[in-house]
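File shown: data.tsv. Contents: TSV, C-alpha atoms.
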chain	number	residue	atom	x	y	z
A	84	MET	CA	-158.93	201.84	-92.31
A	85	LEU	CA	-161.64	199.46	-91.08
A	86	LYS	CA	-164.26	201.10	-88.88
A	87	ALA	CA	-166.49	199.47	-86.29
A	88	ASP	CA	-169.50	199.73	-88.62
A	89	GLY	CA	-167.70	197.70	-91.30
A	90	SER	CA	-166.93	200.63	-93.61
A	91	THR	CA	-163.43	201.16	-94.99
A	92	ALA	CA	-161.38	204.13	-96.11
A	93	LEU	CA	-158.00	204.65	-97.78
A	94	VAL	CA	-155.44	206.17	-95.41
A	95	ARG	CA	-152.33	206.32	-97.59
A	96	HIS	CA	-150.05	204.42	-99.94
A	97	VAL	CA	-146.68	203.04	-98.88
A	98	PRO	CA	-143.82	201.92	-101.15
A	99	GLY	CA	-143.50	198.31	-102.23
A	100	SER	CA	-143.92	195.91	-105.10
A	101	THR	CA	-145.32	192.46	-105.83
A	102	THR	CA	-142.13	190.91	-104.40
A	103	ASP	CA	-142.43	192.78	-101.09
A	104	ARG	CA	-144.33	192.15	-97.91
A	105	ILE	CA	-145.55	195.16	-95.93
A	106	VAL	CA	-146.15	194.95	-92.17
A	107	PHE	CA	-147.25	198.05	-90.28
A	108	SER	CA	-148.35	199.37	-86.90
A	109	VAL	CA	-150.18	202.65	-86.26
A	110	SER	CA	-149.70	204.46	-82.95
A	111	PRO	CA	-152.69	204.42	-80.54
A	112	ASP	CA	-153.35	208.13	-81.13
A	113	GLY	CA	-153.57	207.52	-84.89
A	114	GLN	CA	-150.83	210.04	-85.65
A	115	ARG	CA	-147.77	207.92	-86.50
A	116	ILE	CA	-146.99	204.78	-88.43
A	117	ALA	CA	-144.12	202.30	-88.41
A	118	TYR	CA	-143.84	199.85	-91.26
A	119	VAL	CA	-141.37	197.50	-92.87
A	120	VAL	CA	-140.88	196.72	-96.52
A	121	MET	CA	-139.56	193.15	-96.63
A	122	HIS	CA	-138.03	192.52	-100.04
A	123	PHE	CA	-137.65	188.94	-101.26
A	124	GLN	CA	-134.97	188.03	-103.80
A	125	THR	CA	-134.93	184.55	-105.35
A	126	GLY	CA	-132.17	184.89	-107.96
A	127	GLY	CA	-134.43	184.70	-110.99
A	128	LYS	CA	-134.80	180.92	-111.02
A	129	ASN	CA	-137.83	179.46	-112.78
A	130	GLY	CA	-140.72	178.88	-110.39
A	131	CYS	CA	-139.13	180.99	-107.64
A	132	ASN	CA	-141.67	183.77	-107.52
A	133	TYR	CA	-142.80	185.45	-104.33
A	134	PRO	CA	-145.07	184.70	-102.52
A	135	VAL	CA	-144.81	181.06	-103.69
A	136	ILE	CA	-141.20	180.08	-103.03
A	137	PRO	CA	-140.66	176.30	-103.34
A	138	PRO	CA	-137.75	174.49	-101.65
A	139	GLY	CA	-134.44	174.96	-103.44
A	140	CYS	CA	-135.04	178.59	-104.39
A	141	SER	CA	-132.57	179.88	-101.75
A	142	PRO	CA	-134.33	183.23	-101.25
A	143	THR	CA	-132.80	186.16	-99.43
A	144	ILE	CA	-134.60	188.94	-97.60
A	145	THR	CA	-133.87	192.59	-96.90
A	146	THR	CA	-135.96	194.48	-94.34
A	147	HIS	CA	-136.39	198.26	-94.33
A	148	LEU	CA	-138.05	199.84	-91.27
A	149	ARG	CA	-139.58	203.29	-91.75
A	150	VAL	CA	-141.24	205.56	-89.20
A	151	GLY	CA	-143.13	208.80	-89.72
A	152	ASN	CA	-146.44	210.59	-89.53
A	153	LEU	CA	-149.49	208.75	-90.78
A	154	ASP	CA	-150.02	211.37	-93.49
A	155	GLY	CA	-146.60	210.55	-94.96
A	156	THR	CA	-144.69	213.56	-93.66
A	157	GLY	CA	-141.60	213.41	-91.48
A	158	GLU	CA	-140.83	209.86	-92.57
A	159	ALA	CA	-137.38	208.28	-92.34
A	160	GLU	CA	-135.79	204.85	-92.68
A	161	ILE	CA	-134.29	203.91	-89.30
A	162	TYR	CA	-133.17	200.33	-90.00
A	163	SER	CA	-132.13	198.17	-92.93
A	164	GLY	CA	-130.85	194.61	-92.71
A	165	PRO	CA	-131.30	190.91	-93.48
A	166	THR	CA	-133.38	190.09	-90.39
A	167	SER	CA	-137.07	189.26	-90.64
A	168	GLU	CA	-138.50	191.72	-88.13
A	169	TYR	CA	-141.63	193.84	-88.15
A	170	PRO	CA	-143.51	196.29	-85.89
A	171	VAL	CA	-146.48	194.90	-83.97
A	172	ALA	CA	-147.26	197.70	-81.50
A	173	TRP	CA	-146.39	201.08	-80.04
A	174	GLN	CA	-145.60	200.98	-76.33
A	175	ASP	CA	-145.16	204.16	-74.27
A	176	GLY	CA	-143.56	205.92	-77.22
A	177	ALA	CA	-141.34	202.99	-78.20
A	178	LEU	CA	-141.87	200.41	-80.93
A	179	LEU	CA	-142.47	196.76	-80.14
A	180	ILE	CA	-140.79	194.68	-82.83
A	181	ALA	CA	-141.40	190.98	-83.46
A	182	VAL	CA	-138.55	188.93	-84.88
A	183	GLY	CA	-139.66	185.77	-86.64
A	184	PRO	CA	-139.22	183.55	-89.67
A	185	ALA	CA	-139.24	185.13	-93.10
A	186	PHE	CA	-140.86	182.01	-94.55
A	187	VAL	CA	-143.51	179.93	-92.79
A	188	GLN	CA	-144.10	176.32	-93.75
A	189	ASN	CA	-146.47	173.96	-91.93
A	190	PRO	CA	-147.20	176.70	-89.36
A	191	GLY	CA	-147.74	175.83	-85.74
A	192	GLU	CA	-147.36	179.25	-84.20
A	193	LEU	CA	-147.71	179.82	-80.47
A	194	ASN	CA	-148.45	183.56	-80.79
A	195	PRO	CA	-150.28	185.70	-83.38
A	196	TYR	CA	-147.11	187.28	-84.76
A	197	PHE	CA	-144.88	184.21	-85.29
A	198	ALA	CA	-142.54	185.99	-82.88
A	199	GLU	CA	-139.43	184.17	-81.74
A	200	GLU	CA	-138.27	187.36	-80.02
A	201	TYR	CA	-139.71	190.76	-79.06
A	202	ARG	CA	-137.62	193.93	-79.09
A	203	ARG	CA	-138.48	197.39	-77.80
A	204	VAL	CA	-136.69	199.94	-79.96
A	205	SER	CA	-136.49	203.70	-80.31
A	206	PRO	CA	-138.76	205.01	-83.12
A	207	THR	CA	-136.09	207.60	-83.86
A	208	ASP	CA	-133.03	205.48	-84.61
A	209	ALA	CA	-134.04	201.85	-83.85
A	210	THR	CA	-131.77	201.72	-80.79
A	211	ARG	CA	-132.61	198.50	-78.95
A	212	LEU	CA	-134.09	199.20	-75.51
A	213	PHE	CA	-134.97	195.64	-74.52
A	214	SER	CA	-135.02	192.13	-75.96
A	215	THR	CA	-136.83	189.08	-74.65
A	216	THR	CA	-133.88	186.85	-75.57
A	217	SER	CA	-131.86	188.35	-72.71
A	218	VAL	CA	-134.36	186.85	-70.25
A	219	CYS	CA	-135.92	183.94	-72.17
A	220	PRO	CA	-133.03	182.43	-74.17
A	221	GLY	CA	-132.85	178.96	-75.62
A	222	ALA	CA	-135.75	176.57	-76.08
A	223	VAL	CA	-138.45	178.85	-74.73
A	224	ALA	CA	-141.75	179.70	-76.37
A	225	LEU	CA	-143.24	183.20	-76.32
A	226	THR	CA	-146.88	182.25	-76.37
A	227	GLY	CA	-150.23	184.00	-76.74
A	228	PRO	CA	-150.92	187.66	-77.56
A	229	TYR	CA	-148.74	190.28	-75.90
A	230	THR	CA	-150.44	192.41	-73.24
A	231	SER	CA	-149.65	195.59	-71.32
A	232	ALA	CA	-148.30	193.33	-68.58
A	233	GLY	CA	-145.94	191.47	-70.93
A	234	THR	CA	-146.11	188.07	-72.55
A	235	ALA	CA	-146.44	184.48	-71.45
A	236	CYS	CA	-143.20	182.53	-71.55
A	237	ILE	CA	-143.14	178.72	-71.50
A	238	ARG	CA	-140.17	176.72	-70.20
A	239	GLY	CA	-141.28	173.12	-70.60
A	240	SER	CA	-144.15	172.75	-68.15
A	241	ILE	CA	-143.40	176.05	-66.36
A	242	VAL	CA	-145.66	179.01	-67.22
A	243	GLN	CA	-144.11	182.42	-66.60
A	244	ARG	CA	-144.85	186.09	-67.19
A	245	LEU	CA	-142.16	188.21	-68.81
A	246	ASP	CA	-142.87	191.92	-68.42
A	247	TRP	CA	-141.50	194.67	-70.65
A	248	GLN	CA	-138.84	195.64	-68.09
A	249	GLY	CA	-137.35	192.14	-68.26
A	250	THR	CA	-138.72	190.71	-65.01
A	251	LEU	CA	-139.64	187.02	-65.14
A	252	THR	CA	-142.35	185.77	-62.75
A	253	THR	CA	-143.44	182.13	-62.45
A	254	LEU	CA	-147.22	181.73	-62.50
A	255	GLY	CA	-147.35	177.95	-62.13
A	256	ASP	CA	-146.42	174.49	-63.37
A	257	VAL	CA	-148.62	172.28	-65.56
A	258	ALA	CA	-146.58	169.11	-65.00
A	259	PRO	CA	-146.65	166.23	-65.75
A	260	ALA	CA	-147.33	167.63	-69.22
A	261	PRO	CA	-144.02	168.43	-70.94
A	262	SER	CA	-145.23	171.58	-72.71
A	263	ALA	CA	-148.08	174.06	-72.99
A	264	ALA	CA	-149.38	177.16	-74.74
A	265	ALA	CA	-150.64	180.09	-72.69
A	266	ALA	CA	-152.37	183.45	-73.01
A	267	LEU	CA	-151.49	186.03	-70.35
A	268	SER	CA	-154.24	188.12	-68.77
A	269	PRO	CA	-154.03	191.92	-69.22
A	270	ASP	CA	-153.02	192.49	-65.60
A	271	GLY	CA	-150.43	189.72	-65.76
A	272	THR	CA	-151.68	187.88	-62.69
A	273	ARG	CA	-152.73	184.68	-64.47
A	274	ALA	CA	-152.71	182.80	-67.74
A	275	ALA	CA	-155.14	180.56	-69.56
A	276	VAL	CA	-153.27	177.45	-70.61
A	277	ALA	CA	-153.64	174.58	-73.06
A	278	ARG	CA	-151.60	171.59	-71.93
A	279	PHE	CA	-149.89	169.15	-74.30
A	280	GLY	CA	-149.63	165.61	-72.93
A	281	SER	CA	-148.02	162.48	-74.32
A	282	THR	CA	-150.88	162.00	-76.81
A	283	GLY	CA	-151.24	165.62	-77.91
A	284	LEU	CA	-153.42	168.52	-76.84
A	285	GLU	CA	-155.46	167.83	-73.72
A	286	PRO	CA	-159.08	169.04	-73.96
A	287	ARG	CA	-159.52	171.05	-70.75
A	288	LEU	CA	-158.42	174.66	-70.36
A	289	LEU	CA	-156.36	175.46	-67.27
A	290	LEU	CA	-155.99	178.68	-65.31
A	291	VAL	CA	-152.54	179.23	-63.84
A	292	SER	CA	-151.76	181.80	-61.15
A	293	GLY	CA	-150.11	182.12	-57.77
A	294	GLY	CA	-148.11	178.96	-58.32
A	295	LYS	CA	-151.20	176.83	-58.95
A	296	ALA	CA	-152.74	175.29	-62.06
A	297	THR	CA	-156.52	174.77	-61.92
A	298	GLN	CA	-158.43	172.77	-64.50
A	299	THR	CA	-161.63	174.36	-65.76
A	300	ALA	CA	-164.73	172.58	-67.05
A	301	THR	CA	-164.19	174.24	-70.45
A	302	THR	CA	-162.84	172.42	-73.51
A	303	GLY	CA	-160.79	174.59	-75.82
A	304	PHE	CA	-157.61	176.50	-76.63
A	305	PRO	CA	-156.93	180.03	-75.27
A	306	ALA	CA	-156.83	182.84	-77.83
A	307	GLY	CA	-156.63	185.94	-75.60
A	308	TRP	CA	-158.26	188.02	-72.89
A	309	PHE	CA	-160.59	190.98	-73.38
A	310	ASP	CA	-160.21	191.94	-69.71
A	311	GLY	CA	-159.44	190.28	-66.39
A	312	SER	CA	-162.32	187.82	-66.60
A	313	GLN	CA	-163.41	187.49	-70.26
A	314	LEU	CA	-161.37	184.92	-72.18
A	315	LEU	CA	-161.69	184.23	-75.91
A	316	TYR	CA	-161.04	180.59	-76.79
A	317	VAL	CA	-161.41	178.11	-79.64
A	318	THR	CA	-163.90	175.36	-78.84
A	319	GLN	CA	-162.33	172.63	-81.00
A	320	PRO	CA	-158.82	173.68	-82.01
A	321	GLY	CA	-157.87	172.18	-85.36
A	322	GLY	CA	-161.35	170.73	-85.89
A	323	VAL	CA	-163.39	171.32	-89.02
A	324	SER	CA	-166.35	172.54	-86.95
A	325	SER	CA	-164.39	174.69	-84.51
A	326	THR	CA	-165.70	178.05	-83.41
A	327	PHE	CA	-164.99	180.78	-80.87
A	328	ALA	CA	-166.56	181.31	-77.48
A	329	ILE	CA	-166.02	183.68	-74.56
A	330	LEU	CA	-165.48	182.22	-71.10
A	331	ASP	CA	-166.29	184.29	-68.02
A	332	VAL	CA	-163.70	182.79	-65.68
A	333	SER	CA	-165.37	184.30	-62.62
A	334	THR	CA	-168.62	182.40	-63.23
A	335	GLY	CA	-167.46	179.55	-65.48
A	336	THR	CA	-170.11	180.35	-68.10
A	337	SER	CA	-169.40	180.45	-71.84
A	338	THR	CA	-171.02	182.41	-74.66
A	339	SER	CA	-170.63	181.36	-78.30
A	340	VAL	CA	-169.38	183.87	-80.86
A	341	ASP	CA	-171.47	184.15	-84.02
A	342	LEU	CA	-169.11	183.72	-86.99
A	343	GLY	CA	-171.80	184.28	-89.58
A	344	ASN	CA	-171.07	182.34	-92.77
A	345	LEU	CA	-167.48	181.50	-91.83
A	346	SER	CA	-166.67	177.83	-91.44
A	347	GLY	CA	-163.73	175.42	-91.38
A	348	GLY	CA	-160.65	175.10	-89.19
A	349	ILE	CA	-159.79	178.12	-87.05
A	350	ASP	CA	-156.39	179.56	-86.18
A	351	PRO	CA	-156.83	180.50	-82.51
A	352	TYR	CA	-154.59	183.56	-82.71
A	353	ALA	CA	-155.31	185.06	-86.12
A	354	PRO	CA	-158.12	187.44	-85.07
A	355	PHE	CA	-156.76	188.58	-81.73
A	356	PHE	CA	-154.99	191.91	-81.32
A	357	VAL	CA	-154.64	194.19	-78.31
A	358	ARG	CA	-153.66	197.75	-77.56
A	359	LEU	CA	-150.63	198.38	-75.39
A	360	GLY	CA	-151.04	202.09	-74.64
A	361	ALA	CA	-149.84	205.47	-75.78
Would you mind giving the structure from this file in structure tokens?
Amino acid sequence: MLKADGSTALVRHVPGSTTDRIVFSVSPDGQRIAYVVMHFQTGGKNGCNYPVIPPGCSPTITTHLRVGNLDGTGEAEIYSGPTSEYPVAWQDGALLIAVGPAFVQNPGELNPYFAEEYRRVSPTDATRLFSTTSVCPGAVALTGPYTSAGTACIRGSIVQRLDWQGTLTTLGDVAPAPSAAAALSPDGTRAAVARFGSTGLEPRLLLVSGGKATQTATTGFPAGWFDGSQLLYVTQPGGVSSTFAILDVSTGTSTSVDLGNLSGGIDPYAPFFVRLGA
């Protein structure tokens, strides 16, 4: 456990070995935990040792999803299979599961969880309650952090909101750019968007809502929203001197974030996590 003052404490141990990856999510009330043990098997070939698995190793993966009380009691395995999936949140008593690649090479993720699909499942027996693929199939990007209102969904130049009941709402179009990356606001009414033109990422942030796309005076890449007006963004995405700043979209003013001694290229999504609710 990491507290706000920087102190840490041991909560519990979970099963696993040096050839396993553990991904977990604790319920908002701090009482329950869901976690997966992702076991990697590489057939015993020389040089094929997790977590470094070179091409040609032909690894396989088995995922075990367990749910129980945070203190270790009442725990049960509710899913086992070959899919790379892992819990990222608790949502109104259900689990939000991200489905993504088991192995990441040359990453260029459009959301913090490498999610190609989100599923809401029962924490009792893993019964699937909802899947984003039923609404956003095909060549569609789930982009930005999830929020209580849903997730941003990109279809070419079209920016949409997909809520957790499966309703798809178009926020706007960033054409003529062929693609974009977006971060949905917590209330779902708008998205901060980075637009990709013919020569790569365009510098200016856009705000998309009500069918309109408005260019801001801010250069950067959206990372996520703290509330309806405070947007975290990367000032120079991919640059060696990039940093974070917070844009107040109501006033257009930005405030730099002090990163202390940290330096180098910044992943815009790595530090951003949100709470969905009870």
Point-to-point distance from atom CA of A:Leu179 to atom CA of A:Arg203, Å rounded to tenths: 4.7 Å
Residue nearest A:Ala274 - candidates A:Thr301, A:Gln243, A:Gln313, A:Ser325, atoms counted: all atoms listed in the file: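 Counting all atoms listed in the file, the residue closest to A:Ala274 is A:Gln243.
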Nearest-residue call for A:Leu245, choices A:Ser205, A:Glu200, A:Ala258, A:Val171, using only C-alpha atoms: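 With only C-alpha atoms as the atom set, the closest residue is A:Glu200.
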Close residues, A:Ala328 itself excluded, 6 Å, all atoms listed in the file, min 3 positions apart in chain, as a list in words: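 With the cut-off at 6 Å, the set is Leu315, Tyr316, Thr338, Ser339 and Val340 of chain A.
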Sel. within 7 Å of pt (-163.7, 176.7, -72.1), counting only C-alpha atoms, output as a ChimeraX atom specification: /A:288,300-303,316,318,330,337
Top pick for closest residue to A:Val291, considering A:Ser240, A:Asp246, A:Gly335, A:Ile329 and counting all atoms listed in the file: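 Nearest candidate to A:Val291 out of A:Ser240, A:Asp246, A:Gly335, A:Ile329: A:Ser240.
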Contacts of A:Glu160 at 9 Å (all atoms listed in the file; same-chain gap of 4+ positions) as a ChimeraX atom specification: /A:147-151,208
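Within the 12 Å cut-off around A:Ser217, using only C-alpha atoms and omitting residues fewer than 2 positions from it on the same chain, the listed residues are Glu200, Tyr201, Arg202, Arg211, Leu212, Phe213, Ser214, Thr215, Cys219, Pro220, Gly221, Val223, Leu245, Trp247, Gln248, Gly249, Thr250 and Leu251 of chain A.
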Restricting the output to C-alpha atoms, write the selected residues as a PDB file, keeping the file's coordinate frame.
ATOM      1  CA  GLU A 200    -138.270 187.360 -80.020  1.00  0.00           C
ATOM      2  CA  TYR A 201    -139.710 190.760 -79.060  1.00  0.00           C
ATOM      3  CA  ARG A 202    -137.620 193.930 -79.090  1.00  0.00           C
ATOM      4  CA  ARG A 211    -132.610 198.500 -78.950  1.00  0.00           C
ATOM      5  CA  LEU A 212    -134.090 199.200 -75.510  1.00  0.00           C
ATOM      6  CA  PHE A 213    -134.970 195.640 -74.520  1.00  0.00           C
ATOM      7  CA  SER A 214    -135.020 192.130 -75.960  1.00  0.00           C
ATOM      8  CA  THR A 215    -136.830 189.080 -74.650  1.00  0.00           C
ATOM      9  CA  CYS A 219    -135.920 183.940 -72.170  1.00  0.00           C
ATOM     10  CA  PRO A 220    -133.030 182.430 -74.170  1.00  0.00           C
ATOM     11  CA  GLY A 221    -132.850 178.960 -75.620  1.00  0.00           C
ATOM     12  CA  VAL A 223    -138.450 178.850 -74.730  1.00  0.00           C
ATOM     13  CA  LEU A 245    -142.160 188.210 -68.810  1.00  0.00           C
ATOM     14  CA  TRP A 247    -141.500 194.670 -70.650  1.00  0.00           C
ATOM     15  CA  GLN A 248    -138.840 195.640 -68.090  1.00  0.00           C
ATOM     16  CA  GLY A 249    -137.350 192.140 -68.260  1.00  0.00           C
ATOM     17  CA  THR A 250    -138.720 190.710 -65.010  1.00  0.00           C
ATOM     18  CA  LEU A 251    -139.640 187.020 -65.140  1.00  0.00           C
TER      19      LEU A 251
END
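Going from atom CA of A:Asp154 to atom CA of A:Met121 covers 21.2 Å.
You can rank A:Gly183, A:Gly294, A:Pro195, A:Pro259 by their closest distance to A:Ser167 using all atoms listed in the file, and at the top of that list sits A:Gly183.
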Residue nearest A:Leu267 among A:Leu342, A:Cys236, A:Ile241, A:Leu93 (counting all atoms listed in the file):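 Nearest candidate to A:Leu267 out of A:Leu342, A:Cys236, A:Ile241, A:Leu93: A:Cys236.
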Nearest residue to A:Thr282 from the set A:Ala260, A:Val135, A:Leu225, A:Val182 (distances using all atoms listed in the file):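 Closest candidate: A:Ala260.
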Distance of atom CA of A:Gln114 from atom CA of A:Pro184, expressed in Å to one decimal place: 29.2 Å
Exercise: stretch 304-312 of chain A partners within 10 Å, all atoms listed in the file, chain neighbours under 5 positions left out, as a PyMOL selection string: chain A and resi 193-195+227-230+264-278+284-289+317-321+327-335+350-357
Using the partial input, fill out stretch 171-185 of chain A with N, CA and C atoms; write the result as a short mmCIF file (atom, residue, chain, number, x, y, z; two decimals), keeping the file's coordinate frame.
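This went into selection.cif:
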data_model
loop_
_atom_site.label_atom_id
_atom_site.label_comp_id
_atom_site.auth_asym_id
_atom_site.auth_seq_id
_atom_site.Cartn_x
_atom_site.Cartn_y
_atom_site.Cartn_z
N VAL A 171 -145.17 195.44 -84.34
CA VAL A 171 -146.48 194.90 -83.97
C VAL A 171 -147.24 195.82 -83.03
N ALA A 172 -146.56 196.81 -82.44
CA ALA A 172 -147.26 197.70 -81.50
C ALA A 172 -146.39 198.91 -81.18
N TRP A 173 -147.07 199.94 -80.65
CA TRP A 173 -146.39 201.08 -80.04
C TRP A 173 -146.60 200.96 -78.54
N GLN A 174 -145.54 201.21 -77.77
CA GLN A 174 -145.60 200.98 -76.33
C GLN A 174 -144.90 202.12 -75.61
N ASP A 175 -145.71 203.02 -75.02
CA ASP A 175 -145.16 204.16 -74.27
C ASP A 175 -144.12 204.92 -75.09
N GLY A 176 -144.44 205.17 -76.34
CA GLY A 176 -143.56 205.92 -77.22
C GLY A 176 -142.52 205.11 -77.93
N ALA A 177 -142.30 203.87 -77.53
CA ALA A 177 -141.34 202.99 -78.20
C ALA A 177 -142.07 202.04 -79.15
N LEU A 178 -141.32 201.39 -80.02
CA LEU A 178 -141.87 200.41 -80.93
C LEU A 178 -141.62 199.01 -80.38
N LEU A 179 -142.64 198.16 -80.46
CA LEU A 179 -142.47 196.76 -80.14
C LEU A 179 -142.30 196.02 -81.46
N ILE A 180 -141.15 195.37 -81.61
CA ILE A 180 -140.79 194.68 -82.83
C ILE A 180 -140.82 193.17 -82.59
N ALA A 181 -141.45 192.44 -83.50
CA ALA A 181 -141.40 190.98 -83.46
C ALA A 181 -140.35 190.51 -84.44
N VAL A 182 -139.55 189.54 -84.02
CA VAL A 182 -138.55 188.93 -84.88
C VAL A 182 -138.98 187.49 -85.11
N GLY A 183 -139.16 187.11 -86.35
CA GLY A 183 -139.66 185.77 -86.64
C GLY A 183 -139.16 185.26 -87.97
N PRO A 184 -139.68 184.14 -88.41
CA PRO A 184 -139.22 183.55 -89.67
C PRO A 184 -139.71 184.34 -90.87
N ALA A 185 -138.84 184.44 -91.87
CA ALA A 185 -139.24 185.13 -93.10
C ALA A 185 -140.17 184.27 -93.93
#
